[in-house]
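K.L.:
So that we are looking at the same thing, I have put the structure below in structure tokens.
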Amino acid sequence: MLILAAVLAIFVYGVIAAMLGTILPGLAERFHLTPNQNGVIAFAQALGLMIASLAVGPLIDNQGKKIGLIIGLALIALALVALPKARGFGSIIALLFLLGLGGGVVVTGANALVSDVGEAHRATALNLVNLFFGLGGMATPFIAANLLKRDTVKLCYTAGVLAVIALAVQWAAPIPGPTGVQSFVLADAGAVLGKPILLLCGLLLFLYVSCEVGIWNWLVQHLIAQGIPESRALNVLSLGFALGLLVGRVAVSPILITVPPATVTLVSAVAMAVTSFLVLSARDVKAAWILVFIAGLAMAPVFPTTLAIVGDAFPRMTGTAIGFAITCGWLGLAVSSRIIGAIAGGDPKRLKKALLVIPAFSVVMVAINLAILSALHK
């Protein structure tokens, strides 16, 4: 029941992670939004994610993960129900901020829950559960393109129903309360947050999330600018990138039983640098699908495996440490979206140049991984 609760929460987060990139083309057409305005919208969601994941760590350490998951899913459902009634740019920003708040709470609470339940093989458990993030991310653009005919209203309501179902499961699940070992102590927070390994993992997630969300939020618009129809571009995102994330996390799980987590993230960073650069050269649907799928495989292990490194390093105040690392990731979401939107400006055809941010950040990830390996062996 605990694994089911975590799986549903991660699945819902995967659904909303792909939501913005899926609905942005329709919102941009309806409200005449520029790429720069789209970047502001993505920043609002990122700001909500950052605030929530940083604040919820102490909450779940002291009050338990159950209350955090329920609050987060309730905020997600509320934002999704209200989004179809948005009247303009301002209301879209407010609702995406609310969606970000809910998402930040859910992803921190769910990963902290899995970190506790799967303590013996933390990296494997986190990758297996987070494959449902890829499944949720795959479902959103696939359903939008093939079942709902790109109907934003129906998509938001469908996702809202899923959030309510997940909320009901969290309510019924026997999620354990906080333990004295893992409770948040304000006096100890500085020592935890100041440890080099946590700062390095936070920087790694900052760069990684910048890359991953750059693809979620901008790939469809980039492919459309290359002359690929919107429905096919959505399928590339769903059956290419999201499927790659899903398959990659299944494939890497047995590897992590014998290979150290930091070695896996290093290999992934190298592969990300190569594949994300090649993705930008694709001009037809077949090439785009193959390259985006391989990019998804490369990216798949990084997020959950980095959280496993954090969980191993911080058996006490685990929620606070994981919340801090995830917050660093959401900061990457905010920064990359603003940079990509600003470089592209008002011209969608400039997105190709703007998206070079992704392979550039991947190269920096290689250096950070080397620093993590060095810190772990001291």
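Just remember, in the structure tokens the first chain shown is A, the second B, etc., residues are 1-based per chain, and ligands are 1-based in the order shown.
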For Ala172 (chain A), list every protein, DNA or RNA residue within 10 Å, evaluated using only C-alpha atoms, and leave out those in the same chain fewer than 4 positions away; present the list as a list of chain:residue names.

P.N.:
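After dropping sequence-adjacent residues, the list is A:Met1, A:Leu2, A:Ala5, A:Lys66, A:Leu167, A:Ala168.
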
K.L.:
For Ala144 (chain A), please output as a list in words all residues within 7 Å (counting only C-alpha atoms; exclusion window: fewer than 6 positions along the same chain).

P.N.:
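Near Ala144 (chain A), the qualifying residues are Arg150, Asp151 and Leu155 of chain A.
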
K.L.:
Generate the output file for the selected residues, N, CA and C atoms, as an mmCIF file, in the first residue's frame.

P.N.:
```
data_model
loop_
_atom_site.group_PDB
_atom_site.id
_atom_site.type_symbol
_atom_site.label_atom_id
_atom_site.label_comp_id
_atom_site.auth_asym_id
_atom_site.auth_seq_id
_atom_site.Cartn_x
_atom_site.Cartn_y
_atom_site.Cartn_z
ATOM 1 N N ARG A 150 -6.089 17.381 -28.596
ATOM 2 C CA ARG A 150 -5.429 18.598 -28.097
ATOM 3 C C ARG A 150 -6.415 19.527 -27.382
ATOM 4 N N ASP A 151 -7.448 18.946 -26.756
ATOM 5 C CA ASP A 151 -8.425 19.726 -25.988
ATOM 6 C C ASP A 151 -7.860 19.998 -24.595
ATOM 7 N N LEU A 155 -8.096 17.787 -20.974
ATOM 8 C CA LEU A 155 -6.831 17.298 -20.436
ATOM 9 C C LEU A 155 -6.653 17.725 -18.984
#
```

K.L.:
What's the 10 Å shell around Thr124 (chain A), counting only C-alpha atoms, without same-chain residues fewer than 3 positions away, as a ChimeraX atom specification?

P.N.:
/A:118-121,127-130,249-250,252-257,261,301,304-305,308

K.L.:
What does the file look like for those residues with all heavy atoms, as a compact mmCIF listing (two decimals), in the first residue's frame?

P.N.:
```
# COMPACT_ATOMS: atom_id res chain seq x y z
N GLY A 118 12.54 1.84 0.87
CA GLY A 118 13.54 1.05 0.14
C GLY A 118 14.95 1.31 0.59
O GLY A 118 15.87 1.35 -0.24
N GLU A 119 15.15 1.47 1.88
CA GLU A 119 16.46 1.87 2.41
C GLU A 119 17.58 0.91 2.02
O GLU A 119 18.71 1.33 1.72
CB GLU A 119 16.39 1.99 3.93
CG GLU A 119 17.66 2.49 4.57
CD GLU A 119 17.52 2.65 6.08
OE1 GLU A 119 16.38 2.46 6.59
OE2 GLU A 119 18.53 2.96 6.73
N ALA A 120 17.31 -0.39 1.98
CA ALA A 120 18.36 -1.37 1.70
C ALA A 120 18.93 -1.22 0.29
O ALA A 120 20.13 -1.38 0.07
CB ALA A 120 17.82 -2.79 1.89
N HIS A 121 18.08 -0.92 -0.68
CA HIS A 121 18.51 -0.69 -2.07
C HIS A 121 17.87 0.61 -2.54
O HIS A 121 17.04 0.63 -3.45
CB HIS A 121 18.10 -1.87 -2.96
CG HIS A 121 18.74 -3.17 -2.57
ND1 HIS A 121 20.07 -3.43 -2.80
CD2 HIS A 121 18.23 -4.26 -1.94
CE1 HIS A 121 20.37 -4.64 -2.34
NE2 HIS A 121 19.27 -5.17 -1.82
N ASN A 127 14.67 4.56 -8.53
CA ASN A 127 14.57 4.51 -9.98
C ASN A 127 13.32 3.75 -10.43
O ASN A 127 12.65 4.15 -11.37
CB ASN A 127 15.82 3.86 -10.58
CG ASN A 127 16.91 4.86 -10.86
OD1 ASN A 127 16.91 5.52 -11.90
ND2 ASN A 127 17.83 5.00 -9.93
N LEU A 128 13.01 2.63 -9.75
CA LEU A 128 11.82 1.86 -10.13
C LEU A 128 10.54 2.66 -9.91
O LEU A 128 9.65 2.67 -10.77
CB LEU A 128 11.77 0.55 -9.33
CG LEU A 128 12.75 -0.53 -9.78
CD1 LEU A 128 12.72 -1.71 -8.83
CD2 LEU A 128 12.43 -0.99 -11.21
N VAL A 129 10.43 3.34 -8.77
CA VAL A 129 9.22 4.13 -8.51
C VAL A 129 9.16 5.33 -9.44
O VAL A 129 8.09 5.68 -9.96
CB VAL A 129 9.15 4.56 -7.03
CG1 VAL A 129 8.03 5.56 -6.82
CG2 VAL A 129 8.94 3.34 -6.15
N ASN A 130 10.30 5.95 -9.72
CA ASN A 130 10.30 7.13 -10.58
C ASN A 130 10.10 6.81 -12.05
O ASN A 130 9.91 7.74 -12.85
CB ASN A 130 11.60 7.92 -10.38
CG ASN A 130 11.48 8.93 -9.25
OD1 ASN A 130 10.97 10.03 -9.42
ND2 ASN A 130 11.95 8.53 -8.07
N ARG A 249 14.86 3.97 -16.66
CA ARG A 249 14.82 3.71 -15.22
C ARG A 249 14.60 2.23 -14.91
O ARG A 249 15.10 1.73 -13.91
CB ARG A 249 13.75 4.60 -14.57
CG ARG A 249 14.25 6.03 -14.45
CD ARG A 249 13.23 7.04 -14.02
NE ARG A 249 13.86 8.36 -14.00
CZ ARG A 249 13.21 9.50 -13.97
NH1 ARG A 249 11.88 9.51 -13.95
NH2 ARG A 249 13.87 10.64 -13.96
N VAL A 250 13.87 1.54 -15.77
CA VAL A 250 13.73 0.09 -15.59
C VAL A 250 15.08 -0.59 -15.84
O VAL A 250 15.52 -1.45 -15.07
CB VAL A 250 12.67 -0.48 -16.56
CG1 VAL A 250 12.67 -2.00 -16.49
CG2 VAL A 250 11.30 0.07 -16.22
N VAL A 252 18.16 0.61 -15.67
CA VAL A 252 19.27 0.93 -14.78
C VAL A 252 19.10 0.35 -13.38
O VAL A 252 20.08 0.23 -12.63
CB VAL A 252 19.46 2.47 -14.70
CG1 VAL A 252 18.45 3.11 -13.72
CG2 VAL A 252 20.89 2.83 -14.29
N SER A 253 17.88 -0.01 -13.00
CA SER A 253 17.63 -0.47 -11.64
C SER A 253 18.48 -1.67 -11.23
O SER A 253 19.10 -1.66 -10.16
CB SER A 253 16.13 -0.79 -11.46
OG SER A 253 15.37 0.39 -11.60
N PRO A 254 18.57 -2.74 -12.04
CA PRO A 254 19.45 -3.85 -11.63
C PRO A 254 20.93 -3.48 -11.67
O PRO A 254 21.73 -4.02 -10.90
CB PRO A 254 19.13 -4.95 -12.66
CG PRO A 254 18.54 -4.24 -13.83
CD PRO A 254 17.81 -3.07 -13.26
N ILE A 255 21.30 -2.55 -12.53
CA ILE A 255 22.70 -2.11 -12.61
C ILE A 255 23.13 -1.46 -11.31
O ILE A 255 24.26 -1.64 -10.83
CB ILE A 255 22.89 -1.14 -13.80
CG1 ILE A 255 22.64 -1.85 -15.12
CG2 ILE A 255 24.28 -0.51 -13.78
CD1 ILE A 255 22.63 -0.95 -16.33
N LEU A 256 22.21 -0.71 -10.69
CA LEU A 256 22.53 0.03 -9.47
C LEU A 256 22.73 -0.88 -8.26
O LEU A 256 23.19 -0.41 -7.21
CB LEU A 256 21.43 1.06 -9.18
CG LEU A 256 21.51 2.33 -10.03
CD1 LEU A 256 20.18 3.07 -10.01
CD2 LEU A 256 22.63 3.23 -9.55
N ILE A 257 22.39 -2.15 -8.38
CA ILE A 257 22.64 -3.09 -7.27
C ILE A 257 24.14 -3.31 -7.09
O ILE A 257 24.63 -3.50 -5.97
CB ILE A 257 21.91 -4.42 -7.53
CG1 ILE A 257 20.39 -4.20 -7.52
CG2 ILE A 257 22.29 -5.46 -6.47
CD1 ILE A 257 19.59 -5.43 -7.88
N PRO A 261 26.06 4.55 -7.33
CA PRO A 261 25.18 5.56 -7.92
C PRO A 261 25.91 6.70 -8.61
O PRO A 261 25.50 7.14 -9.69
CB PRO A 261 24.37 6.06 -6.71
CG PRO A 261 24.37 4.90 -5.76
CD PRO A 261 25.70 4.25 -5.93
N PRO A 301 18.39 7.98 -15.30
CA PRO A 301 18.81 7.66 -13.93
C PRO A 301 19.15 8.85 -13.05
O PRO A 301 19.22 8.70 -11.82
CB PRO A 301 20.08 6.80 -14.14
CG PRO A 301 20.16 6.52 -15.59
CD PRO A 301 19.42 7.61 -16.27
N PRO A 304 16.49 10.34 -9.77
CA PRO A 304 16.31 9.44 -8.62
C PRO A 304 17.63 8.95 -8.03
O PRO A 304 17.74 8.75 -6.82
CB PRO A 304 15.48 8.28 -9.18
CG PRO A 304 15.68 8.33 -10.65
CD PRO A 304 15.89 9.78 -10.99
N THR A 305 18.63 8.76 -8.87
CA THR A 305 19.90 8.26 -8.36
C THR A 305 20.61 9.32 -7.52
O THR A 305 21.26 9.00 -6.51
CB THR A 305 20.80 7.78 -9.52
OG1 THR A 305 20.08 6.83 -10.32
CG2 THR A 305 22.07 7.12 -9.00
N ALA A 308 19.11 9.28 -4.24
CA ALA A 308 19.60 8.13 -3.47
C ALA A 308 20.94 8.45 -2.81
O ALA A 308 21.19 8.05 -1.67
CB ALA A 308 19.74 6.91 -4.38
```

K.L.:
Pick the closest to Leu131 (chain A) from A:Leu83, A:Ala9, A:Ala44, A:Ile368: which is it, counting only C-alpha atoms?

P.N.:
A:Ala9

K.L.:
Report as a ChimeraX atom specification all protein, DNA and RNA residues lying within 9 Å of Phe277 (chain A), evaluated on only C-alpha atoms, omitting residues in the same chain fewer than 6 positions from it.

P.N.:
/A:355-356,358-360

K.L.:
How about saving the chosen residues, N, CA, C and O atoms kept, as an mmCIF file, in the first residue's frame?

P.N.:
```cif
data_model
loop_
_atom_site.group_PDB
_atom_site.id
_atom_site.type_symbol
_atom_site.label_atom_id
_atom_site.label_comp_id
_atom_site.auth_asym_id
_atom_site.auth_seq_id
_atom_site.Cartn_x
_atom_site.Cartn_y
_atom_site.Cartn_z
ATOM 1 N N LEU A 355 18.065 26.362 -27.225
ATOM 2 C CA LEU A 355 18.105 25.046 -26.601
ATOM 3 C C LEU A 355 19.514 24.458 -26.512
ATOM 4 O O LEU A 355 19.705 23.388 -25.925
ATOM 5 N N LEU A 356 20.504 25.157 -27.047
ATOM 6 C CA LEU A 356 21.891 24.740 -26.840
ATOM 7 C C LEU A 356 22.289 24.847 -25.368
ATOM 8 O O LEU A 356 23.333 24.321 -24.963
ATOM 9 N N ILE A 358 20.933 23.219 -23.133
ATOM 10 C CA ILE A 358 20.833 21.854 -22.592
ATOM 11 C C ILE A 358 22.147 21.082 -22.718
ATOM 12 O O ILE A 358 22.665 20.581 -21.711
ATOM 13 N N PRO A 359 22.750 20.955 -23.918
ATOM 14 C CA PRO A 359 24.041 20.258 -23.963
ATOM 15 C C PRO A 359 25.143 20.990 -23.197
ATOM 16 O O PRO A 359 26.042 20.345 -22.633
ATOM 17 N N ALA A 360 25.075 22.321 -23.136
ATOM 18 C CA ALA A 360 26.082 23.074 -22.384
ATOM 19 C C ALA A 360 26.006 22.741 -20.895
ATOM 20 O O ALA A 360 27.034 22.497 -20.238
#
```

K.L.:
Please run DSSP on the backbone and report, as a PyMOL selection string, all residues within region 90-289 of chain A that come out as helix (DSSP H, G or I).

P.N.:
chain A and resi 90-117+119-146+152-172+186-193+196-225+230-255+261-279+285-289

K.L.:
Tell me which of A:Ala288, A:Ala112, A:Leu80, A:Gln45 sits closest to Ala125 (chain A), counting only C-alpha atoms.

P.N.:
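Nearest to Ala125 (chain A): A:Ala112.
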
K.L.:
Set the distance at 6 Å and use only C-alpha atoms: which residues neighbour Ala46 (chain A) once local chain neighbours fewer than 4 positions away are removed? I'd like the list as a ChimeraX atom specification.

P.N.:
/A:330,333-334

K.L.:
Any idea what's packed within 12 Å of Gly88 (chain A), counting only C-alpha atoms, ignoring anything in its chain fewer than 4 positions away? Could you give it as a list in words?

P.N.:
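Contacts, with the query itself left out: Leu27, Ala28, Glu29, Arg30, Phe31, His32, Leu33, Gln37, Ile41, Leu83, Pro84, Ile92, Ile93, Ala94 and Leu95 of chain A.
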
K.L.:
Find the residues of region 6-52 of chain A that sit at most 12 Å from region 206-211 of chain A; for each, write down the nearest two atoms and how far apart they are in Å, to one decimal. Count only C-alpha atoms. Sort by chain, then by number going up, and give it as a Markdown table.

P.N.:
```
| residue | atom | partner | partner_atom | distance |
| --- | --- | --- | --- | --- |
| A:Ala17 | CA | A:Val209 | CA | 11.2 |
| A:Ala42 | CA | A:Ser210 | CA | 11.5 |
| A:Phe43 | CA | A:Ser210 | CA | 11.5 |
| A:Ala46 | CA | A:Val209 | CA | 10.5 |
| A:Leu49 | CA | A:Val209 | CA | 11.8 |
| A:Met50 | CA | A:Phe206 | CA | 11.1 |
```
